[in-house]
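Structure file query30.csv with CSV, C-alpha atoms:
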```
chain,number,residue,atom,x,y,z
H,204,MET,CA,0.0,0.0,0.0
H,205,SER,CA,2.9,2.4,0.6
H,206,MET,CA,3.8,2.4,-3.1
H,207,ILE,CA,0.3,3.3,-4.0
H,208,GLY,CA,0.4,6.2,-1.6
H,209,LYS,CA,3.7,7.4,-3.2
H,210,SER,CA,2.3,7.1,-6.7
H,211,ILE,CA,-0.8,9.1,-5.8
H,212,ARG,CA,1.2,11.8,-4.1
H,213,MET,CA,3.8,12.0,-6.9
H,214,GLU,CA,1.0,12.8,-9.4
H,215,ARG,CA,0.2,15.9,-7.4
H,216,PHE,CA,3.5,17.5,-8.4
H,217,VAL,CA,4.9,15.5,-11.4
H,218,LYS,CA,2.9,16.3,-14.5
H,219,ARG,CA,1.3,13.1,-15.9
H,220,ASP,CA,1.8,13.9,-19.6
H,221,THR,CA,5.4,14.9,-19.4
H,222,GLY,CA,6.7,13.0,-16.4
H,223,ARG,CA,8.4,16.3,-15.4
H,224,THR,CA,8.1,18.7,-12.5
H,225,ILE,CA,8.8,22.4,-11.7
H,226,ILE,CA,9.5,22.9,-8.0
H,227,ALA,CA,10.0,26.3,-6.4
H,228,PRO,CA,12.1,26.0,-3.2
H,229,MET,CA,11.3,28.6,-0.6
H,230,ASP,CA,13.3,27.2,2.4
H,231,HIS,CA,15.9,30.0,2.4
H,232,GLY,CA,14.7,31.9,5.4
H,233,VAL,CA,16.0,29.3,7.9
H,234,GLY,CA,19.5,29.5,6.4
H,235,VAL,CA,20.0,33.2,5.7
H,236,GLY,CA,17.0,35.0,7.3
H,237,PRO,CA,14.7,37.3,5.5
H,238,ILE,CA,15.5,37.4,1.8
H,239,ARG,CA,14.3,39.4,-1.2
H,240,GLY,CA,11.4,37.7,-2.9
H,241,LEU,CA,10.2,35.8,0.1
H,242,THR,CA,9.2,38.5,2.5
H,243,ASN,CA,5.6,37.7,1.9
H,244,LEU,CA,5.3,33.9,1.6
H,245,PRO,CA,1.6,33.7,0.4
H,246,GLU,CA,2.4,36.2,-2.4
H,247,ALA,CA,5.6,34.3,-3.4
H,248,VAL,CA,3.6,31.1,-3.6
H,249,ASP,CA,0.8,32.7,-5.6
H,250,ARG,CA,3.3,34.1,-8.1
H,251,VAL,CA,4.9,30.8,-9.0
H,252,ALA,CA,1.6,28.9,-8.9
H,253,LEU,CA,0.2,31.4,-11.4
H,254,GLY,CA,3.1,30.7,-13.6
H,255,GLY,CA,2.7,27.0,-13.6
H,256,ALA,CA,4.9,25.6,-10.8
H,257,ASN,CA,4.0,22.1,-9.8
H,258,ALA,CA,5.1,22.5,-6.2
H,259,VAL,CA,6.6,24.8,-3.6
H,260,LEU,CA,9.1,23.5,-1.1
H,261,GLY,CA,9.8,24.8,2.3
H,262,HIS,CA,9.9,24.2,6.1
H,263,MET,CA,6.8,23.9,8.3
H,264,GLY,CA,6.4,27.6,8.4
H,265,LEU,CA,5.5,27.6,4.7
H,266,ALA,CA,2.6,25.2,5.4
H,267,LYS,CA,1.4,27.3,8.4
H,268,HIS,CA,1.9,30.8,7.0
H,269,GLY,CA,2.3,30.8,3.2
H,270,HIS,CA,0.8,27.8,1.4
H,271,ARG,CA,-2.6,27.6,-0.3
H,272,LYS,CA,-3.9,30.9,1.2
H,273,TYR,CA,-5.4,32.0,-2.1
H,274,GLY,CA,-4.9,31.7,-5.9
H,275,ASN,CA,-4.0,28.6,-7.8
H,276,ASP,CA,-3.4,25.3,-6.0
H,277,VAL,CA,0.1,23.9,-6.0
H,278,GLY,CA,1.9,20.9,-4.5
H,279,LEU,CA,3.6,21.1,-1.1
H,280,ILE,CA,6.9,19.6,-0.2
H,281,ILE,CA,8.1,19.9,3.4
H,282,HIS,CA,11.8,20.2,3.8
H,283,LEU,CA,13.1,18.2,6.8
H,284,SER,CA,16.7,19.4,6.9
H,285,ALA,CA,18.2,22.7,8.2
H,286,SER,CA,21.3,24.7,9.1
H,287,THR,CA,22.1,28.4,9.2
H,288,SER,CA,24.8,30.5,7.6
H,289,ILE,CA,25.9,31.8,11.0
H,290,GLY,CA,26.3,28.4,12.6
H,291,PRO,CA,29.6,26.6,13.1
H,292,ASN,CA,29.1,24.4,10.0
H,293,SER,CA,26.5,25.4,7.4
H,294,ASN,CA,27.2,22.3,5.4
H,295,HIS,CA,26.0,20.0,8.2
H,296,LYS,CA,22.2,19.6,7.8
H,297,VAL,CA,20.2,18.3,10.7
H,298,LEU,CA,16.7,17.0,10.8
H,299,VAL,CA,14.2,19.5,12.2
H,300,THR,CA,10.9,17.9,11.1
H,301,THR,CA,9.7,14.3,10.9
H,302,VAL,CA,7.8,12.6,8.0
H,303,GLU,CA,4.8,12.1,10.3
H,304,GLU,CA,4.7,15.9,11.0
H,305,ALA,CA,4.8,16.6,7.3
H,306,ILE,CA,1.9,14.2,6.7
H,307,LYS,CA,-0.1,16.0,9.4
H,308,VAL,CA,0.1,19.4,7.5
H,309,GLY,CA,-1.0,17.8,4.2
H,310,ALA,CA,2.4,17.6,2.5
H,311,ASP,CA,2.6,15.8,-0.9
H,312,ALA,CA,6.2,14.9,-0.4
H,313,VAL,CA,9.2,15.6,1.9
H,314,SER,CA,12.8,16.5,1.1
H,315,ILE,CA,16.1,16.0,2.7
H,316,HIS,CA,19.5,17.7,2.1
H,317,VAL,CA,22.8,15.8,2.1
H,318,ASN,CA,26.3,17.2,1.3
H,319,ILE,CA,28.5,14.3,0.3
H,320,GLY,CA,32.2,15.0,1.1
H,321,ALA,CA,31.3,17.2,4.1
H,322,GLU,CA,32.9,16.5,7.4
H,323,ASP,CA,29.6,15.4,8.9
H,324,GLU,CA,28.6,13.2,5.9
H,325,PRO,CA,28.2,10.0,8.0
H,326,GLU,CA,25.5,11.7,10.2
H,327,MET,CA,23.7,13.1,7.2
H,328,LEU,CA,23.7,9.7,5.5
H,329,GLN,CA,22.3,8.0,8.6
H,330,ASP,CA,19.5,10.6,8.7
H,331,PHE,CA,18.9,9.9,5.0
H,332,GLY,CA,18.5,6.2,5.6
H,333,HIS,CA,16.1,6.8,8.5
H,334,VAL,CA,13.9,9.2,6.6
H,335,ALA,CA,13.8,6.9,3.5
H,336,ARG,CA,12.5,4.0,5.6
H,337,LYS,CA,9.8,6.2,7.2
H,338,CYS,CA,8.8,7.4,3.7
H,339,ASP,CA,8.4,3.9,2.5
H,340,GLU,CA,6.4,3.1,5.6
H,341,TRP,CA,4.0,6.0,5.1
H,342,GLY,CA,3.8,6.1,1.3
H,343,MET,CA,5.4,9.5,1.2
H,344,PRO,CA,7.6,10.5,-1.8
H,345,LEU,CA,11.1,11.5,-0.9
H,346,LEU,CA,13.1,14.2,-2.8
H,347,ALA,CA,16.8,14.1,-2.0
H,348,MET,CA,18.9,17.2,-2.5
H,349,VAL,CA,22.4,15.8,-2.7
H,350,TYR,CA,25.4,18.0,-3.5
H,351,PRO,CA,29.1,17.3,-3.6
H,352,ARG,CA,30.5,19.8,-1.0
H,353,GLY,CA,33.5,19.2,1.2
H,354,PRO,CA,37.3,19.4,1.5
H,355,LYS,CA,37.9,16.5,-0.9
H,356,ILE,CA,35.8,17.9,-3.6
H,357,THR,CA,38.0,19.6,-6.2
H,358,SER,CA,35.3,20.7,-8.5
H,359,GLU,CA,31.7,21.2,-7.2
H,360,PHE,CA,30.3,20.7,-10.7
H,361,GLY,CA,32.5,17.9,-11.9
H,362,LYS,CA,30.6,15.1,-13.7
H,363,ASP,CA,31.9,12.2,-11.5
H,364,VAL,CA,31.0,13.7,-8.2
H,365,VAL,CA,27.6,14.8,-9.4
H,366,ALA,CA,27.0,11.4,-10.8
H,367,HIS,CA,28.0,9.9,-7.4
H,368,ALA,CA,25.7,12.3,-5.6
H,369,ALA,CA,22.7,11.4,-7.8
H,370,ARG,CA,23.4,7.6,-7.6
H,371,LEU,CA,23.7,7.8,-3.8
H,372,ALA,CA,20.2,9.3,-3.6
H,373,ALA,CA,18.8,6.4,-5.5
H,374,GLU,CA,20.7,3.8,-3.6
H,375,LEU,CA,19.5,5.1,-0.2
H,376,GLY,CA,15.9,5.1,-1.2
H,377,ALA,CA,14.9,8.5,-2.6
H,378,ASP,CA,12.2,8.7,-5.3
H,379,ILE,CA,13.6,11.8,-7.0
H,380,VAL,CA,17.0,13.6,-6.7
H,381,LYS,CA,17.9,17.2,-7.1
H,382,THR,CA,21.5,18.0,-7.8
H,383,ASN,CA,23.8,20.3,-9.8
H,384,TYR,CA,23.8,20.6,-13.5
H,385,THR,CA,27.2,19.6,-14.8
H,386,GLY,CA,27.5,22.3,-17.4
H,387,ASP,CA,26.9,20.4,-20.7
H,388,ILE,CA,24.5,17.9,-22.2
H,389,ASP,CA,27.0,15.0,-22.7
H,390,SER,CA,28.3,15.0,-19.1
H,391,PHE,CA,24.8,15.3,-17.6
H,392,LYS,CA,23.6,12.4,-19.8
H,393,GLU,CA,26.1,10.3,-17.8
H,394,VAL,CA,24.6,11.5,-14.5
H,395,VAL,CA,21.1,10.6,-15.7
H,396,ARG,CA,22.2,7.3,-17.2
H,397,GLY,CA,23.7,6.2,-13.8
H,398,THR,CA,20.6,7.1,-11.8
H,399,PRO,CA,17.5,4.9,-11.8
H,400,ILE,CA,15.3,7.7,-10.4
H,401,PRO,CA,14.3,11.0,-11.9
H,402,VAL,CA,17.0,13.7,-11.8
H,403,ILE,CA,16.1,17.4,-11.6
H,404,ILE,CA,18.5,20.3,-11.5
H,405,ALA,CA,19.1,23.0,-9.0
H,406,GLY,CA,19.1,26.6,-10.1
H,407,GLY,CA,22.2,27.6,-8.2
H,408,PRO,CA,23.2,31.2,-7.5
H,409,HIS,CA,21.2,34.1,-9.0
H,410,MET,CA,21.9,34.3,-12.8
H,411,GLU,CA,22.1,37.6,-14.5
H,412,SER,CA,20.6,36.3,-17.8
H,413,GLU,CA,17.2,34.6,-17.8
H,414,LEU,CA,17.9,33.3,-21.3
H,415,ASP,CA,21.0,31.5,-19.9
H,416,LEU,CA,18.8,30.0,-17.2
H,417,LEU,CA,16.3,28.7,-19.7
H,418,GLN,CA,19.1,27.3,-21.9
H,419,MET,CA,20.5,25.4,-18.9
H,420,ILE,CA,17.1,23.9,-18.3
H,421,ALA,CA,16.6,23.0,-21.9
H,422,ASP,CA,20.0,21.3,-22.0
H,423,SER,CA,19.3,19.3,-18.9
H,424,LEU,CA,16.0,18.0,-20.3
H,425,GLU,CA,17.8,17.0,-23.6
H,426,ALA,CA,20.2,15.0,-21.5
H,427,GLY,CA,17.3,13.2,-19.8
H,428,GLY,CA,16.6,15.3,-16.8
H,429,LYS,CA,13.1,15.4,-15.5
H,430,GLY,CA,12.7,19.0,-14.4
H,431,VAL,CA,13.9,21.7,-12.1
H,432,ALA,CA,13.9,22.9,-8.5
H,433,ILE,CA,14.8,26.6,-8.8
H,434,GLY,CA,14.4,29.2,-6.1
H,435,ARG,CA,16.3,32.5,-6.2
H,436,ASN,CA,16.4,32.6,-10.0
H,437,VAL,CA,12.6,32.6,-9.9
H,438,PHE,CA,11.4,34.4,-6.8
H,439,GLN,CA,14.1,37.1,-7.1
H,440,SER,CA,13.5,37.6,-10.8
H,441,GLU,CA,11.9,40.8,-12.2
H,442,ASP,CA,8.6,39.0,-12.7
H,443,PRO,CA,8.4,35.6,-10.9
H,444,THR,CA,5.2,34.6,-12.6
H,445,ARG,CA,6.6,35.3,-16.0
H,446,THR,CA,9.8,33.5,-15.3
H,447,THR,CA,7.9,30.5,-14.0
H,448,ARG,CA,5.7,30.6,-17.1
H,449,ARG,CA,8.8,30.6,-19.3
H,450,ILE,CA,10.3,27.7,-17.4
H,451,SER,CA,7.0,25.8,-17.7
H,452,ALA,CA,7.1,26.4,-21.5
H,453,VAL,CA,10.5,24.7,-21.7
H,454,VAL,CA,9.8,21.9,-19.2
H,455,HIS,CA,6.3,21.0,-20.1
H,456,GLY,CA,5.7,22.7,-23.4
H,457,GLY,CA,8.8,21.6,-25.3
H,458,PHE,CA,9.7,25.2,-26.2
H,459,SER,CA,13.3,26.1,-26.9
H,460,ALA,CA,15.0,28.6,-24.6
H,461,GLU,CA,14.7,31.3,-27.2
H,462,GLU,CA,11.0,30.6,-27.8
H,463,ALA,CA,10.2,30.6,-24.1
H,464,PHE,CA,12.1,33.8,-23.5
H,465,LYS,CA,9.7,35.6,-25.8
H,466,ILE,CA,6.7,34.7,-23.6
H,467,GLU,CA,5.3,37.7,-21.6
```
For this file, produce the structure as structure tokens.
Amino acid sequence: MSMIGKSIRMERFVKRDTGRTIIAPMDHGVGVGPIRGLTNLPEAVDRVALGGANAVLGHMGLAKHGHRKYGNDVGLIIHLSASTSIGPNSNHKVLVTTVEEAIKVGADAVSIHVNIGAEDEPEMLQDFGHVARKCDEWGMPLLAMVYPRGPKITSEFGKDVVAHAARLAAELGADIVKTNYTGDIDSFKEVVRGTPIPVIIAGGPHMESELDLLQMIADSLEAGGKGVAIGRNVFQSEDPTRTTRRISAVVHGGFSAEEAFKIE
């Protein structure tokens, strides 16, 4: 029965006809405090929902104060991990919410963050395994955000370490993995080929060119990626609804980056 639950919930944020998803992370407040674009959570959610986002992602406060207050409906993913930029080790993510608590607020999925290569990697992997078992028990989809970050990582965007991160997520029981784009189609194909679950890309730091963002997304899809989880490049854009609409045109509509960029 747990797999039926996962399947039903996944359909709430993965589009049936494309098998792809657009997720708007809004979990930044825990890490850095108030941030431009997320001052008013209900407005931020409404903007991306209007543009065609399939889900928003955030901590419990998003469910309590910002999600589904008005406007278009949109999936809800509760993030279980947290750290702050002013703590002793911002790369060490700890669990601050349980799967059961996410179920109680009506979440469609949960997410966890793991930095492989970090000094506290063993503890994060242990948490990952615990959460994955709980998700299987309750029929809750698990999105794993897995990034190569640590003293042994020579290139954060190197193909081999990104492929390792994505495969680790699948091996430990995630249903979908979010990781870095490797910079070109051929190398990202190798990441996707080695990962038996859907791979979606992170948006990364704020990009000056929206056209470049759309091209990165289009390239990741050509390589076999299944969508995006993009925060700052959406909610800090000049027009978050328009940006989301353009991303949706690429992810779900099959538009080229140039075609999508013309959408108003």
| said: Set the distance at 9 Å and use all atoms listed in the file: which residues neighbour Val302 (chain H) once local chain neighbours fewer than 6 positions away are removed? I'd like the list as a PyMOL selection string. | reply: chain H and resi 281+283+312-313+334+337-338+341+343
| query | Got a sec: who's within 9 Å of Gly240 (chain H), counting all atoms listed in the file, leaving out chain neighbours fewer than 5 positions off, as a ChimeraX atom specification? | reply | /H:247,435,437-440,443
| request: Extract, using all atoms listed in the file, all DNA, RNA and protein residues at most 9 Å from region 450-466 of chain H, discarding same-chain residues fewer than 4 positions from it, and format them as a PyMOL selection string. | output: chain H and resi 218+220-225+254-256+413-421+424+429-431+445-446
With C-alpha atoms retained, could you export that selection as a JSON list (two decimals), keeping the file's coordinate frame?
```
[["chain", "number", "residue", "atom", "x", "y", "z"],
["H", 218, "LYS", "CA", 2.90, 16.30, -14.50],
["H", 220, "ASP", "CA", 1.80, 13.90, -19.60],
["H", 221, "THR", "CA", 5.40, 14.90, -19.40],
["H", 222, "GLY", "CA", 6.70, 13.00, -16.40],
["H", 223, "ARG", "CA", 8.40, 16.30, -15.40],
["H", 224, "THR", "CA", 8.10, 18.70, -12.50],
["H", 225, "ILE", "CA", 8.80, 22.40, -11.70],
["H", 254, "GLY", "CA", 3.10, 30.70, -13.60],
["H", 255, "GLY", "CA", 2.70, 27.00, -13.60],
["H", 256, "ALA", "CA", 4.90, 25.60, -10.80],
["H", 413, "GLU", "CA", 17.20, 34.60, -17.80],
["H", 414, "LEU", "CA", 17.90, 33.30, -21.30],
["H", 415, "ASP", "CA", 21.00, 31.50, -19.90],
["H", 416, "LEU", "CA", 18.80, 30.00, -17.20],
["H", 417, "LEU", "CA", 16.30, 28.70, -19.70],
["H", 418, "GLN", "CA", 19.10, 27.30, -21.90],
["H", 419, "MET", "CA", 20.50, 25.40, -18.90],
["H", 420, "ILE", "CA", 17.10, 23.90, -18.30],
["H", 421, "ALA", "CA", 16.60, 23.00, -21.90],
["H", 424, "LEU", "CA", 16.00, 18.00, -20.30],
["H", 429, "LYS", "CA", 13.10, 15.40, -15.50],
["H", 430, "GLY", "CA", 12.70, 19.00, -14.40],
["H", 431, "VAL", "CA", 13.90, 21.70, -12.10],
["H", 445, "ARG", "CA", 6.60, 35.30, -16.00],
["H", 446, "THR", "CA", 9.80, 33.50, -15.30]]
```
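If only C-alpha atoms are the atoms counted, then among H:Asp323, H:Val364, H:Met263, H:Ala347 the closest residue to Val308 (chain H) is H:Met263.
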| message | If we draw a sphere of 10 Å around (12.4, 16.3, -6.0), which residues have at least one atom in it when counting only C-alpha atoms? Please report them as a PyMOL selection string. | response | chain H and resi 213+216-217+224-226+258+260+280+312-315+344-348+377-382+401-405+429-432
Could you take the residues named above and write them with C-alpha atoms, as a CSV table (one decimal), in the coordinates of the input?
```
chain,number,residue,atom,x,y,z
H,213,MET,CA,3.8,12.0,-6.9
H,216,PHE,CA,3.5,17.5,-8.4
H,217,VAL,CA,4.9,15.5,-11.4
H,224,THR,CA,8.1,18.7,-12.5
H,225,ILE,CA,8.8,22.4,-11.7
H,226,ILE,CA,9.5,22.9,-8.0
H,258,ALA,CA,5.1,22.5,-6.2
H,260,LEU,CA,9.1,23.5,-1.1
H,280,ILE,CA,6.9,19.6,-0.2
H,312,ALA,CA,6.2,14.9,-0.4
H,313,VAL,CA,9.2,15.6,1.9
H,314,SER,CA,12.8,16.5,1.1
H,315,ILE,CA,16.1,16.0,2.7
H,344,PRO,CA,7.6,10.5,-1.8
H,345,LEU,CA,11.1,11.5,-0.9
H,346,LEU,CA,13.1,14.2,-2.8
H,347,ALA,CA,16.8,14.1,-2.0
H,348,MET,CA,18.9,17.2,-2.5
H,377,ALA,CA,14.9,8.5,-2.6
H,378,ASP,CA,12.2,8.7,-5.3
H,379,ILE,CA,13.6,11.8,-7.0
H,380,VAL,CA,17.0,13.6,-6.7
H,381,LYS,CA,17.9,17.2,-7.1
H,382,THR,CA,21.5,18.0,-7.8
H,401,PRO,CA,14.3,11.0,-11.9
H,402,VAL,CA,17.0,13.7,-11.8
H,403,ILE,CA,16.1,17.4,-11.6
H,404,ILE,CA,18.5,20.3,-11.5
H,405,ALA,CA,19.1,23.0,-9.0
H,429,LYS,CA,13.1,15.4,-15.5
H,430,GLY,CA,12.7,19.0,-14.4
H,431,VAL,CA,13.9,21.7,-12.1
H,432,ALA,CA,13.9,22.9,-8.5
```
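Residues in contact with Leu244 (chain H) at 8 Å, where only C-alpha atoms are counted and same-chain residues fewer than 5 positions away are skipped, are listed as Leu265, His268, Gly269 and His270 of chain H.
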Save the residues we just selected, C-alpha atoms, as a PDB file, keeping the file's coordinate frame?
```pdb
ATOM      1  CA  LEU H 265       5.500  27.600   4.700  1.00  0.00           C
ATOM      2  CA  HIS H 268       1.900  30.800   7.000  1.00  0.00           C
ATOM      3  CA  GLY H 269       2.300  30.800   3.200  1.00  0.00           C
ATOM      4  CA  HIS H 270       0.800  27.800   1.400  1.00  0.00           C
TER       5      HIS H 270
END
```
| task | Could you check how far CA of Ile433 (chain H) sits from CA of Met327 (chain H), in Å to one decimal? | result | 22.7 Å
| remark: Min atom-atom distance to His367 (chain H) from the set H:Ile207, H:Ile400, H:Ala335, H:Ile319, counting all atoms listed in the file, belongs to H:Ile319
| task | Would you list the contacts of region 292-298 of chain H as a ChimeraX atom specification, taking every protein, DNA or RNA residue within 10 Å and counting all atoms listed in the file, but skipping same-chain residues closer than 6 positions in sequence? | result | /H:234,282-286,315-324,326-327,330-331,334,352-353
| request: Grab the CA of His409 (chain H) to CA of Arg250 (chain H) distance for me, in Å with one decimal place. | output: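 Atom-to-atom, CA of His409 (chain H) to CA of Arg250 (chain H), that is 17.9 Å.
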| request: Kindly give the distance, in Å, that separates CA of Pro237 (chain H) and CA of Leu328 (chain H), rounded to a single decimal. | output: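 CA of Leu328 (chain H) lies at a distance of 29.0 Å from CA of Pro237 (chain H).
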| query | Which of these, H:Thr447, H:Ser288, H:Asn243, H:Ser423, has the shortest distance to Asp389 (chain H) once you count all atoms listed in the file? | reply |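 Between H:Thr447, H:Ser288, H:Asn243, H:Ser423, the residue approaching Asp389 (chain H) most closely is H:Ser423.
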| Which of H:His231, H:Lys362, H:His333, H:Arg212 sits closest to Tyr384 (chain H) [using all atoms listed in the file] | H:Lys362
